[in-house]
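**Student:** So that you have it, the file is final.json, and it contains JSON, C-alpha atoms and all ligand atoms:
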[["chain", "number", "residue", "atom", "x", "y", "z"],
["A", 1, "MET", "CA", 6.11, -18.30, -21.48],
["A", 2, "SER", "CA", 5.18, -20.55, -18.57],
["A", 3, "THR", "CA", 2.29, -19.67, -16.30],
["A", 4, "ASP", "CA", 4.84, -18.85, -13.63],
["A", 5, "ASP", "CA", 5.87, -15.76, -15.61],
["A", 6, "ALA", "CA", 2.67, -14.10, -14.47],
["A", 7, "SER", "CA", 4.34, -10.97, -13.12],
["A", 8, "ALA", "CA", 5.79, -10.05, -16.50],
["A", 9, "PRO", "CA", 3.54, -8.54, -19.17],
["A", 10, "SER", "CA", 3.58, -10.18, -22.60],
["A", 11, "ASP", "CA", 5.99, -7.53, -23.88],
["A", 12, "SER", "CA", 8.26, -8.13, -20.92],
["A", 13, "HIS", "CA", 10.99, -5.67, -21.87],
["A", 14, "ALA", "CA", 8.63, -2.80, -22.54],
["A", 15, "GLY", "CA", 9.50, 0.57, -21.04],
["A", 16, "ALA", "CA", 7.29, 1.88, -18.28],
["A", 17, "SER", "CA", 4.02, 3.27, -19.59],
["A", 18, "ARG", "CA", 3.54, 6.90, -18.69],
["A", 19, "VAL", "CA", 1.10, 6.50, -15.82],
["A", 20, "PRO", "CA", 1.57, 3.55, -13.46],
["A", 21, "ALA", "CA", -1.63, 1.58, -12.88],
["A", 22, "HIS", "CA", -0.68, 0.88, -9.28],
["A", 23, "ILE", "CA", 1.31, 3.10, -6.94],
["A", 24, "ALA", "CA", 2.31, 2.00, -3.45],
["A", 25, "ILE", "CA", 3.50, 4.53, -0.87],
["A", 26, "ILE", "CA", 5.40, 4.19, 2.39],
["A", 27, "MET", "CA", 4.12, 7.33, 4.10],
["A", 28, "ASP", "CA", 7.08, 8.02, 6.37],
["A", 29, "GLY", "CA", 8.34, 11.03, 8.35],
["A", 30, "ASN", "CA", 5.33, 12.18, 10.37],
["A", 31, "GLY", "CA", 7.25, 12.03, 13.65],
["A", 32, "ARG", "CA", 10.19, 14.03, 12.34],
["A", 33, "TRP", "CA", 7.84, 16.59, 10.82],
["A", 34, "ALA", "CA", 6.26, 17.12, 14.26],
["A", 35, "ASN", "CA", 9.60, 17.09, 16.12],
["A", 36, "ALA", "CA", 10.97, 19.80, 13.86],
["A", 37, "ARG", "CA", 8.07, 22.02, 14.94],
["A", 38, "GLY", "CA", 8.17, 21.15, 18.64],
["A", 39, "LEU", "CA", 4.82, 19.36, 18.29],
["A", 40, "PRO", "CA", 3.79, 15.93, 19.63],
["A", 41, "ARG", "CA", 4.24, 13.07, 17.14],
["A", 42, "ALA", "CA", 0.47, 12.66, 16.95],
["A", 43, "ALA", "CA", 0.25, 16.11, 15.35],
["A", 44, "GLY", "CA", 2.51, 14.84, 12.57],
["A", 45, "HIS", "CA", 0.24, 11.85, 12.03],
["A", 46, "GLU", "CA", -2.77, 14.16, 11.85],
["A", 47, "ARG", "CA", -1.11, 16.23, 9.16],
["A", 48, "GLY", "CA", -0.17, 12.98, 7.46],
["A", 49, "VAL", "CA", -3.85, 12.21, 6.98],
["A", 50, "GLU", "CA", -4.22, 15.52, 5.11],
["A", 51, "ALA", "CA", -1.37, 14.49, 2.83],
["A", 52, "LEU", "CA", -3.14, 11.17, 2.24],
["A", 53, "ARG", "CA", -6.35, 12.95, 1.23],
["A", 54, "ARG", "CA", -4.42, 15.15, -1.23],
["A", 55, "THR", "CA", -2.63, 12.13, -2.63],
["A", 56, "VAL", "CA", -5.76, 10.04, -3.20],
["A", 57, "GLU", "CA", -7.32, 12.95, -5.05],
["A", 58, "ALA", "CA", -4.23, 13.64, -7.15],
["A", 59, "ALA", "CA", -3.70, 9.96, -7.98],
["A", 60, "GLY", "CA", -7.24, 9.68, -9.32],
["A", 61, "GLN", "CA", -6.82, 12.82, -11.40],
["A", 62, "ILE", "CA", -3.51, 11.64, -12.85],
["A", 63, "GLY", "CA", -5.10, 8.39, -14.01],
["A", 64, "VAL", "CA", -3.71, 5.95, -11.45],
["A", 65, "ARG", "CA", -6.19, 3.11, -10.73],
["A", 66, "TYR", "CA", -4.70, 1.53, -7.59],
["A", 67, "LEU", "CA", -3.12, 3.26, -4.61],
["A", 68, "THR", "CA", -1.79, 1.23, -1.69],
["A", 69, "VAL", "CA", -0.63, 3.16, 1.37],
["A", 70, "TYR", "CA", 1.27, 1.88, 4.38],
["A", 71, "SER", "CA", -0.35, 3.35, 7.46],
["A", 72, "PHE", "CA", 0.48, 0.97, 10.32],
["A", 73, "SER", "CA", 2.96, -1.90, 10.26],
["A", 74, "THR", "CA", 2.97, -5.05, 12.37],
["A", 75, "GLU", "CA", 6.21, -3.66, 13.83],
["A", 76, "ASN", "CA", 4.63, -0.31, 14.77],
["A", 77, "TRP", "CA", 3.18, -2.04, 17.87],
["A", 78, "ARG", "CA", 6.67, -1.44, 19.32],
["A", 79, "ARG", "CA", 5.83, 2.26, 19.71],
["A", 80, "PRO", "CA", 4.46, 3.76, 22.93],
["A", 81, "ALA", "CA", 0.80, 2.86, 23.54],
["A", 82, "SER", "CA", -0.18, 6.53, 23.32],
["A", 83, "GLU", "CA", 1.16, 6.75, 19.76],
["A", 84, "VAL", "CA", -0.42, 3.44, 18.75],
["A", 85, "ASN", "CA", -3.74, 4.74, 20.12],
["A", 86, "ALA", "CA", -3.38, 7.97, 18.18],
["A", 87, "LEU", "CA", -2.75, 6.04, 14.95],
["A", 88, "PHE", "CA", -5.75, 3.79, 15.54],
["A", 89, "GLY", "CA", -7.87, 6.83, 16.31],
["A", 90, "LEU", "CA", -6.83, 8.45, 13.04],
["A", 91, "LEU", "CA", -7.88, 5.44, 10.98],
["A", 92, "LYS", "CA", -11.24, 5.49, 12.72],
["A", 93, "THR", "CA", -11.70, 9.21, 12.10],
["A", 94, "PHE", "CA", -10.60, 8.84, 8.49],
["A", 95, "ILE", "CA", -13.17, 6.13, 7.80],
["A", 96, "LYS", "CA", -15.94, 7.94, 9.66],
["A", 97, "LYS", "CA", -15.25, 11.29, 7.99],
["A", 98, "ASP", "CA", -14.25, 10.25, 4.49],
["A", 99, "LEU", "CA", -16.20, 7.07, 3.76],
["A", 100, "GLY", "CA", -19.31, 8.85, 2.45],
["A", 101, "ARG", "CA", -17.30, 11.00, 0.06],
["A", 102, "LEU", "CA", -15.04, 8.19, -1.15],
["A", 103, "LYS", "CA", -18.07, 6.01, -1.74],
["A", 104, "LYS", "CA", -19.68, 8.71, -3.90],
["A", 105, "GLU", "CA", -16.44, 9.18, -5.81],
["A", 106, "GLY", "CA", -16.38, 5.53, -6.88],
["A", 107, "VAL", "CA", -13.49, 4.51, -4.64],
["A", 108, "LYS", "CA", -13.29, 0.86, -3.59],
["A", 109, "ILE", "CA", -11.60, 0.51, -0.22],
["A", 110, "ARG", "CA", -9.68, -2.56, 0.88],
["A", 111, "VAL", "CA", -7.76, -2.80, 4.12],
["A", 112, "ILE", "CA", -4.86, -5.23, 3.91],
["A", 113, "GLY", "CA", -3.04, -6.71, 6.87],
["A", 114, "LYS", "CA", -3.79, -8.79, 9.91],
["A", 115, "ARG", "CA", -7.36, -8.41, 11.21],
["A", 116, "GLN", "CA", -6.93, -10.73, 14.14],
["A", 117, "GLY", "CA", -6.06, -8.74, 17.27],
["A", 118, "LEU", "CA", -7.52, -5.46, 16.01],
["A", 119, "PRO", "CA", -9.92, -3.79, 18.45],
["A", 120, "ASP", "CA", -13.57, -4.59, 17.62],
["A", 121, "ASP", "CA", -14.52, -1.01, 16.81],
["A", 122, "ILE", "CA", -11.75, -0.68, 14.22],
["A", 123, "ALA", "CA", -12.48, -4.10, 12.74],
["A", 124, "GLY", "CA", -16.15, -3.12, 12.45],
["A", 125, "LEU", "CA", -15.34, 0.17, 10.70],
["A", 126, "VAL", "CA", -12.95, -1.54, 8.31],
["A", 127, "GLU", "CA", -15.58, -4.12, 7.37],
["A", 128, "ARG", "CA", -18.13, -1.35, 6.89],
["A", 129, "ALA", "CA", -15.79, 0.63, 4.62],
["A", 130, "GLU", "CA", -15.15, -2.45, 2.48],
["A", 131, "ARG", "CA", -18.81, -3.48, 2.38],
["A", 132, "GLU", "CA", -20.11, -0.03, 1.50],
["A", 133, "THR", "CA", -17.63, 0.45, -1.33],
["A", 134, "ALA", "CA", -17.66, -3.15, -2.59],
["A", 135, "ASP", "CA", -19.46, -2.26, -5.84],
["A", 136, "ASN", "CA", -17.17, 0.65, -6.74],
["A", 137, "ALA", "CA", -14.59, 0.18, -9.46],
["A", 138, "ASP", "CA", -13.31, 3.63, -10.49],
["A", 139, "PHE", "CA", -10.36, 3.78, -8.10],
["A", 140, "TYR", "CA", -8.94, 1.27, -5.66],
["A", 141, "LEU", "CA", -7.63, 2.53, -2.33],
["A", 142, "ASN", "CA", -5.82, -0.10, -0.30],
["A", 143, "ILE", "CA", -4.90, 0.81, 3.24],
["A", 144, "ALA", "CA", -2.17, -1.36, 4.73],
["A", 145, "PHE", "CA", -3.04, -1.35, 8.41],
["A", 146, "ASN", "CA", -1.52, -3.77, 10.89],
["A", 147, "TYR", "CA", 0.29, -4.95, 7.78],
["A", 148, "GLY", "CA", 3.61, -6.77, 7.47],
["A", 149, "GLY", "CA", 4.78, -8.50, 4.31],
["A", 150, "ARG", "CA", 6.13, -11.49, 6.19],
["A", 151, "GLU", "CA", 2.97, -11.80, 8.30],
["A", 152, "GLU", "CA", 0.87, -11.68, 5.12],
["A", 153, "ILE", "CA", 2.98, -14.42, 3.51],
["A", 154, "ALA", "CA", 2.87, -16.59, 6.65],
["A", 155, "ARG", "CA", -0.91, -16.14, 6.96],
["A", 156, "ALA", "CA", -1.38, -16.97, 3.27],
["A", 157, "SER", "CA", 0.78, -20.07, 3.74],
["A", 158, "ARG", "CA", -1.35, -21.26, 6.65],
["A", 159, "ARG", "CA", -4.53, -20.98, 4.56],
["A", 160, "LEU", "CA", -2.85, -22.66, 1.62],
["A", 161, "ALA", "CA", -1.56, -25.48, 3.80],
["A", 162, "ALA", "CA", -5.05, -25.99, 5.23],
["A", 163, "ASP", "CA", -6.44, -26.30, 1.69],
["A", 164, "VAL", "CA", -3.77, -28.87, 0.85],
["A", 165, "GLU", "CA", -4.55, -30.77, 4.05],
["A", 166, "SER", "CA", -8.28, -30.84, 3.30],
["A", 167, "GLY", "CA", -7.66, -32.02, -0.25],
["A", 168, "LYS", "CA", -8.98, -28.81, -1.86],
["A", 169, "LEU", "CA", -5.59, -28.09, -3.42],
["A", 170, "ALA", "CA", -2.86, -30.46, -4.61],
["A", 171, "SER", "CA", 0.61, -29.43, -3.49],
["A", 172, "GLU", "CA", 2.03, -29.98, -6.99],
["A", 173, "ASN", "CA", -0.42, -27.34, -8.29],
["A", 174, "VAL", "CA", 0.96, -24.54, -6.12],
["A", 175, "THR", "CA", 2.25, -21.95, -8.60],
["A", 176, "GLU", "CA", 3.14, -18.29, -8.10],
["A", 177, "ASP", "CA", -0.37, -17.33, -9.26],
["A", 178, "ILE", "CA", -2.03, -19.78, -6.86],
["A", 179, "PHE", "CA", 0.12, -18.56, -3.98],
["A", 180, "ALA", "CA", -0.64, -14.91, -4.80],
["A", 181, "SER", "CA", -4.37, -15.69, -4.71],
["A", 182, "TYR", "CA", -4.00, -16.34, -0.96],
["A", 183, "LEU", "CA", -2.47, -12.90, -0.32],
["A", 184, "ASP", "CA", -4.47, -9.88, 0.83],
["A", 185, "THR", "CA", -3.83, -8.26, -2.57],
["A", 186, "VAL", "CA", -5.71, -10.99, -4.49],
["A", 187, "ASP", "CA", -7.13, -9.69, -7.80],
["A", 188, "MET", "CA", -4.86, -6.62, -7.85],
["A", 189, "PRO", "CA", -1.96, -5.93, -10.16],
["A", 190, "ASP", "CA", 1.44, -5.65, -8.50],
["A", 191, "PRO", "CA", 2.57, -2.09, -7.77],
["A", 192, "ASP", "CA", 4.38, -0.57, -10.75],
["A", 193, "LEU", "CA", 5.85, 2.22, -8.68],
["A", 194, "LEU", "CA", 6.72, 2.26, -4.98],
["A", 195, "ILE", "CA", 7.44, 5.61, -3.33],
["A", 196, "ARG", "CA", 8.98, 6.15, 0.10],
["A", 197, "THR", "CA", 9.21, 9.56, 1.71],
["A", 198, "SER", "CA", 11.47, 10.85, 4.52],
["A", 199, "GLY", "CA", 14.82, 9.87, 3.05],
["A", 200, "GLU", "CA", 14.85, 6.28, 4.34],
["A", 201, "TYR", "CA", 15.89, 3.67, 1.82],
["A", 202, "ARG", "CA", 14.20, 0.47, 2.91],
["A", 203, "LEU", "CA", 10.95, -1.47, 2.49],
["A", 204, "SER", "CA", 10.25, -1.93, 6.21],
["A", 205, "ASN", "CA", 8.31, -5.14, 5.51],
["A", 206, "PHE", "CA", 5.96, -3.57, 2.93],
["A", 207, "LEU", "CA", 4.58, -5.67, 0.04],
["A", 208, "LEU", "CA", 7.55, -8.04, 0.00],
["A", 209, "TRP", "CA", 5.98, -10.40, -2.53],
["A", 210, "GLN", "CA", 4.18, -7.81, -4.64],
["A", 211, "ALA", "CA", 7.07, -5.34, -5.02],
["A", 212, "ALA", "CA", 9.35, -7.90, -6.70],
["A", 213, "TYR", "CA", 9.57, -5.75, -9.85],
["A", 214, "SER", "CA", 8.27, -2.38, -8.67],
["A", 215, "GLU", "CA", 10.24, 0.70, -9.63],
["A", 216, "LEU", "CA", 11.44, 2.38, -6.42],
["A", 217, "VAL", "CA", 11.46, 6.14, -5.93],
["A", 218, "PHE", "CA", 12.70, 7.77, -2.74],
["A", 219, "PHE", "CA", 12.09, 11.37, -1.69],
["A", 220, "ASP", "CA", 13.57, 13.31, 1.23],
["A", 221, "VAL", "CA", 10.27, 15.09, 1.82],
["A", 222, "LEU", "CA", 8.53, 14.24, 5.10],
["A", 223, "TRP", "CA", 5.10, 12.71, 4.51],
["A", 224, "PRO", "CA", 2.98, 15.62, 5.88],
["A", 225, "ASP", "CA", 4.59, 17.85, 3.21],
["A", 226, "PHE", "CA", 3.88, 15.43, 0.35],
["A", 227, "ASP", "CA", 1.61, 16.78, -2.35],
["A", 228, "ARG", "CA", 0.59, 16.43, -5.98],
["A", 229, "SER", "CA", 3.89, 17.87, -7.24],
["A", 230, "PHE", "CA", 5.83, 14.98, -5.64],
["A", 231, "LEU", "CA", 3.39, 12.45, -7.03],
["A", 232, "GLU", "CA", 3.80, 13.94, -10.49],
["A", 233, "LYS", "CA", 7.58, 13.95, -10.10],
["A", 234, "ALA", "CA", 7.54, 10.28, -9.13],
["A", 235, "VAL", "CA", 5.40, 9.43, -12.16],
["A", 236, "ALA", "CA", 7.79, 11.41, -14.39],
["A", 237, "ILE", "CA", 10.78, 9.51, -12.96],
["A", 238, "TYR", "CA", 8.88, 6.24, -13.43],
["A", 239, "SER", "CA", 8.09, 6.98, -17.05],
["A", 240, "GLU", "CA", 11.82, 7.42, -17.77],
["A", 241, "ARG", "CA", 12.67, 4.03, -16.33],
["A", 242, "GLU", "CA", 13.05, 0.93, -18.46],
["A", 243, "ARG", "CA", 11.35, -2.07, -16.88],
["A", 244, "ARG", "CA", 13.12, -5.21, -17.99],
["A", 245, "PHE", "CA", 11.62, -7.97, -15.80],
["A", 246, "GLY", "CA", 14.83, -9.90, -16.18],
["A", 247, "ALA", "CA", 14.99, -9.67, -19.97],
["A", 248, "VAL", "CA", 17.65, -7.83, -21.98],
["A", 249, "SER", "CA", 17.42, -4.13, -22.67],
["A", 250, "LYS", "CA", 15.41, -3.13, -25.73],
["A", 251, "GLY", "CA", 18.34, -1.26, -27.24],
["A", 252, "SER", "CA", 20.93, -4.02, -26.78],
["A", 253, "ALA", "CA", 22.18, -5.84, -29.89],
["A", 301, "LIG", "C1", 5.12, 7.36, 9.41],
["A", 301, "LIG", "O1", 5.76, 8.32, 10.16],
["A", 301, "LIG", "C2", 3.84, 6.89, 10.02],
["A", 301, "LIG", "C3", 3.94, 5.57, 10.67],
["A", 301, "LIG", "C4", 4.97, 4.79, 10.66],
["A", 301, "LIG", "C5", 2.77, 5.10, 11.38],
["A", 301, "LIG", "P1", 6.69, 7.97, 11.40],
["A", 301, "LIG", "O2", 5.85, 8.03, 12.62],
["A", 301, "LIG", "O3", 7.43, 6.72, 11.18],
["A", 301, "LIG", "O4", 7.66, 9.21, 11.37],
["A", 301, "LIG", "P2", 9.23, 9.20, 11.64],
["A", 301, "LIG", "O5", 9.83, 8.19, 10.71],
["A", 301, "LIG", "O6", 9.42, 8.83, 13.07],
["A", 301, "LIG", "O7", 9.65, 10.59, 11.33],
["A", 302, "LIG", "C1", 7.12, 2.12, 7.87],
["A", 302, "LIG", "O1", 7.64, 3.19, 8.54],
["A", 302, "LIG", "C2", 5.69, 1.89, 8.28],
["A", 302, "LIG", "C3", 4.73, 2.91, 7.87],
["A", 302, "LIG", "C4", 4.98, 3.96, 7.15],
["A", 302, "LIG", "C5", 3.39, 2.69, 8.32],
["A", 302, "LIG", "P1", 8.47, 3.01, 9.90],
["A", 302, "LIG", "O2", 8.83, 4.38, 10.33],
["A", 302, "LIG", "O3", 7.74, 2.17, 10.85],
["A", 302, "LIG", "O4", 9.76, 2.21, 9.38],
["A", 302, "LIG", "P2", 11.20, 2.06, 10.03],
["A", 302, "LIG", "O5", 11.00, 1.63, 11.46],
["A", 302, "LIG", "O6", 11.86, 3.38, 9.94],
["A", 302, "LIG", "O7", 11.86, 1.03, 9.19],
["A", 303, "MG", "MG", 9.18, 6.29, 10.30]]
Mind turning the file's structure into structure tokens?
**Tutor:**
Amino acid sequence: MSTDDASAPSDSHAGASRVPAHIAIIMDGNGRWANARGLPRAAGHERGVEALRRTVEAAGQIGVRYLTVYSFSTENWRRPASEVNALFGLLKTFIKKDLGRLKKEGVKIRVIGKRQGLPDDIAGLVERAERETADNADFYLNIAFNYGGREEIARASRRLAADVESGKLASENVTEDIFASYLDTVDMPDPDLLIRTSGEYRLSNFLLWQAAYSELVFFDVLWPDFDRSFLEKAVAIYSERERRFGAVSKGSA
């Protein structure tokens, strides 16, 4: 096996192990949840934070080690300023309210996405959350905020190109592993399972590099209604899947 086969485990045609180490979630449907109740979209986002809290707790209990959640995309800037402000406000409140508890519970927080252009108060809170949980290693919570897969890849490429220019890295040594070490997800396994709620069947620019071999599970449920039972269902579906990583099926002659 060449070093470029890094994404495949040594037993590359193994079936999925029962509990995925890393789950990624596209938390979608807050707006429709609110619309259906005649509430402002921001109310849906607020309830979405409750669903996130439930999900972090359930994921830890189930034995998942890494949870990456999509909470604001680089394309979400196209929404009205009032909604963007509400979403930024919710991240701030979440960090302020939950950081102490998450820290005690051994959760290591990482915020992935573009930092440049974020308001100073948010950037400060994000840095604080990462700094204060830097020594934790029981559970890894990655919040994708101002995140876009293409933006992440372009930003990684700029840093990589600068290292080639300065002589720190030789262009012929650029492998998949080296490239991945420039991404925001450095030192993390790729997501085994990617869940999207709200009945949409697309990635919307989420983890484009990392999800190359993720198992995809889609639910119709709107994110504010997501709970442990859906997480367990997704894990059950995942455990029935056969991950082949390009190899032939185990059972084939
Ligand atoms: C997901 O819910 C949260 C974000 C994208 C920030 P939406 O706000 O996209 O909800 P819908 O898709 O409009 O229902
Ligand atoms: C994806 O949802 C982004 C987040 C969940 C944060 P969107 O609602 O923005 O995706 P599209 O626009 O339906 O593709
Ligand atoms: Mg949406």
**Student:** What's around Tyr66 (chain A) at 7 Å? Count all atoms listed in the file, leave out sequence neighbours fewer than 4 positions away in its own chain, and write the answer as a list in words.
**Tutor:**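 The contact residues come out as Ala21, His22, Ile23, Phe139, Tyr140 and Leu141 of chain A.
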**Student:** Using only C-alpha atoms, please write the residues we just selected to a file, as an mmCIF file, in the coordinates of the input.
**Tutor:**
data_model
loop_
_atom_site.group_PDB
_atom_site.id
_atom_site.type_symbol
_atom_site.label_atom_id
_atom_site.label_comp_id
_atom_site.auth_asym_id
_atom_site.auth_seq_id
_atom_site.Cartn_x
_atom_site.Cartn_y
_atom_site.Cartn_z
ATOM 1 C CA ALA A 21 -1.630 1.580 -12.880
ATOM 2 C CA HIS A 22 -0.680 0.880 -9.280
ATOM 3 C CA ILE A 23 1.310 3.100 -6.940
ATOM 4 C CA PHE A 139 -10.360 3.780 -8.100
ATOM 5 C CA TYR A 140 -8.940 1.270 -5.660
ATOM 6 C CA LEU A 141 -7.630 2.530 -2.330
#
**Student:** Please build the interface table for chain A against ligand LIG 302 (chain A) with a cut-off of 8 Å, listing for each qualifying residue the nearest atom pair and the distance in Å to one decimal; count all atoms listed in the file, order rows by chain and increasing number, and write it as a Markdown table.
**Tutor:**
| residue | atom | partner | partner_atom | distance |
| --- | --- | --- | --- | --- |
| A:Ile26 | CA | A:LIG302 | C4 | 4.8 |
| A:Met27 | CA | A:LIG302 | C4 | 4.6 |
| A:Asp28 | CA | A:LIG302 | C4 | 4.6 |
| A:Gly29 | CA | A:LIG302 | O2 | 7.0 |
| A:Tyr70 | CA | A:LIG302 | C5 | 4.5 |
| A:Ser71 | CA | A:LIG302 | C5 | 3.9 |
| A:Phe72 | CA | A:LIG302 | C5 | 3.9 |
| A:Ser73 | CA | A:LIG302 | C5 | 5.0 |
| A:Glu75 | CA | A:LIG302 | O3 | 6.7 |
| A:Asn76 | CA | A:LIG302 | O3 | 5.6 |
| A:Ala144 | CA | A:LIG302 | C5 | 7.8 |
| A:Phe145 | CA | A:LIG302 | C5 | 7.6 |
| A:Glu200 | CA | A:LIG302 | O6 | 7.0 |
| A:Arg202 | CA | A:LIG302 | O7 | 6.7 |
| A:Leu203 | CA | A:LIG302 | O7 | 7.2 |
| A:Ser204 | CA | A:LIG302 | O7 | 4.5 |
| A:Asn205 | CA | A:LIG302 | C1 | 7.7 |
| A:Phe206 | CA | A:LIG302 | C1 | 7.6 |
**Student:** Using all atoms listed in the file, find the one residue out of A:Trp33, A:Tyr213, A:Phe245, A:Phe230 that sits nearest to ligand MG 303 (chain A).
**Tutor:**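 The shortest atom-to-atom distance to ligand MG 303 (chain A) comes from A:Trp33.
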**Student:** Quick one: residues within 10 Å of region 109-124 of chain A, all atoms listed in the file counted, chain neighbours fewer than 4 positions away excluded, as a compact mmCIF listing (two decimals) with C-alpha atoms, keeping the file's coordinate frame?
**Tutor:**
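Everything below was put into result36.txt:
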# COMPACT_ATOMS: atom_id res chain seq x y z
CA LEU A 67 -3.12 3.26 -4.61
CA THR A 68 -1.79 1.23 -1.69
CA VAL A 69 -0.63 3.16 1.37
CA TYR A 70 1.27 1.88 4.38
CA PHE A 72 0.48 0.97 10.32
CA SER A 73 2.96 -1.90 10.26
CA THR A 74 2.97 -5.05 12.37
CA PHE A 88 -5.75 3.79 15.54
CA GLY A 89 -7.87 6.83 16.31
CA LEU A 91 -7.88 5.44 10.98
CA LYS A 92 -11.24 5.49 12.72
CA ILE A 95 -13.17 6.13 7.80
CA LEU A 99 -16.20 7.07 3.76
CA LEU A 102 -15.04 8.19 -1.15
CA LYS A 103 -18.07 6.01 -1.74
CA ARG A 128 -18.13 -1.35 6.89
CA ALA A 129 -15.79 0.63 4.62
CA GLU A 130 -15.15 -2.45 2.48
CA ARG A 131 -18.81 -3.48 2.38
CA GLU A 132 -20.11 -0.03 1.50
CA THR A 133 -17.63 0.45 -1.33
CA ALA A 134 -17.66 -3.15 -2.59
CA ASN A 136 -17.17 0.65 -6.74
CA ALA A 137 -14.59 0.18 -9.46
CA PHE A 139 -10.36 3.78 -8.10
CA TYR A 140 -8.94 1.27 -5.66
CA LEU A 141 -7.63 2.53 -2.33
CA ASN A 142 -5.82 -0.10 -0.30
CA ILE A 143 -4.90 0.81 3.24
CA ALA A 144 -2.17 -1.36 4.73
CA PHE A 145 -3.04 -1.35 8.41
CA ASN A 146 -1.52 -3.77 10.89
CA TYR A 147 0.29 -4.95 7.78
CA GLY A 148 3.61 -6.77 7.47
CA GLY A 149 4.78 -8.50 4.31
CA GLU A 151 2.97 -11.80 8.30
CA GLU A 152 0.87 -11.68 5.12
CA ARG A 155 -0.91 -16.14 6.96
CA LEU A 183 -2.47 -12.90 -0.32
CA ASP A 184 -4.47 -9.88 0.83
CA THR A 185 -3.83 -8.26 -2.57
**Student:** Any idea what the distance is between CA of Glu105 (chain A) and CA of Asp135 (chain A)?
**Tutor:**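 Pair CA of Glu105 (chain A) / CA of Asp135 (chain A) returns 11.8 Å.
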**Student:** By how many Å are atom O6 of ligand LIG 301 (chain A) and CA of Val56 (chain A) apart?
**Tutor:**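 Rounded to one decimal, the two atoms are 22.3 Å apart.
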**Student:** When distances are computed from only C-alpha atoms and all ligand atoms, which of A:Ala247, A:Leu90, A:Leu125, A:Leu222 shows the smallest separation from ligand MG 303 (chain A)?
**Tutor:** A:Leu222
**Student:** Could you pull the residues within 10 Å of Phe226 (chain A), counting all atoms listed in the file, minus those fewer than 6 positions along the same chain, as a short mmCIF file (atom, residue, chain, number, x, y, z; two decimals) with C-alpha atoms, in the frame of the given file?
**Tutor:**
data_model
loop_
_atom_site.label_atom_id
_atom_site.label_comp_id
_atom_site.auth_asym_id
_atom_site.auth_seq_id
_atom_site.Cartn_x
_atom_site.Cartn_y
_atom_site.Cartn_z
CA MET A 27 4.12 7.33 4.10
CA GLY A 48 -0.17 12.98 7.46
CA GLU A 50 -4.22 15.52 5.11
CA ALA A 51 -1.37 14.49 2.83
CA LEU A 52 -3.14 11.17 2.24
CA ARG A 54 -4.42 15.15 -1.23
CA THR A 55 -2.63 12.13 -2.63
CA THR A 197 9.21 9.56 1.71
CA SER A 198 11.47 10.85 4.52
CA PHE A 219 12.09 11.37 -1.69
CA ASP A 220 13.57 13.31 1.23
#
**Student:** Within 12 Å of region 233-238 of chain A, which residues of region 143-196 of chain A come that close, and what is the closest atom pair and distance in Å for each? Count only C-alpha atoms and give it as a Markdown table.
**Tutor:**
| residue | atom | partner | partner_atom | distance |
| --- | --- | --- | --- | --- |
| A:Pro191 | CA | A:Tyr238 | CA | 11.9 |
| A:Asp192 | CA | A:Tyr238 | CA | 8.6 |
| A:Leu193 | CA | A:Tyr238 | CA | 6.9 |
| A:Leu194 | CA | A:Ala234 | CA | 9.1 |
| A:Ile195 | CA | A:Ala234 | CA | 7.4 |
| A:Arg196 | CA | A:Ala234 | CA | 10.2 |
**Student:** Mind dumping region 118-125 of chain A from that block, keeping N, CA, C and O atoms, as a CSV table (one decimal), in the first residue's frame?
**Tutor:**
chain,number,residue,atom,x,y,z
A,118,LEU,N,-14.2,37.5,10.5
A,118,LEU,CA,-15.1,37.3,11.6
A,118,LEU,C,-15.0,38.5,12.5
A,118,LEU,O,-13.9,39.0,12.7
A,119,PRO,N,-16.2,39.0,13.0
A,119,PRO,CA,-16.1,40.1,14.0
A,119,PRO,C,-15.2,39.7,15.2
A,119,PRO,O,-15.1,38.6,15.6
A,120,ASP,N,-14.5,40.8,15.7
A,120,ASP,CA,-13.5,40.5,16.8
A,120,ASP,C,-14.0,39.8,18.0
A,120,ASP,O,-13.4,38.9,18.5
A,121,ASP,N,-15.3,40.1,18.4
A,121,ASP,CA,-15.8,39.5,19.6
A,121,ASP,C,-16.0,38.0,19.4
A,121,ASP,O,-15.6,37.2,20.2
A,122,ILE,N,-16.4,37.6,18.2
A,122,ILE,CA,-16.6,36.2,17.9
A,122,ILE,C,-15.2,35.5,17.8
A,122,ILE,O,-15.0,34.4,18.4
A,123,ALA,N,-14.3,36.1,17.1
A,123,ALA,CA,-13.0,35.5,17.0
A,123,ALA,C,-12.4,35.3,18.3
A,123,ALA,O,-11.7,34.3,18.6
A,124,GLY,N,-12.5,36.3,19.2
A,124,GLY,CA,-12.0,36.2,20.6
A,124,GLY,C,-12.6,35.0,21.4
A,124,GLY,O,-11.9,34.3,22.0
A,125,LEU,N,-13.9,34.9,21.2
A,125,LEU,CA,-14.6,33.8,22.0
A,125,LEU,C,-14.2,32.4,21.4
A,125,LEU,O,-14.0,31.5,22.2
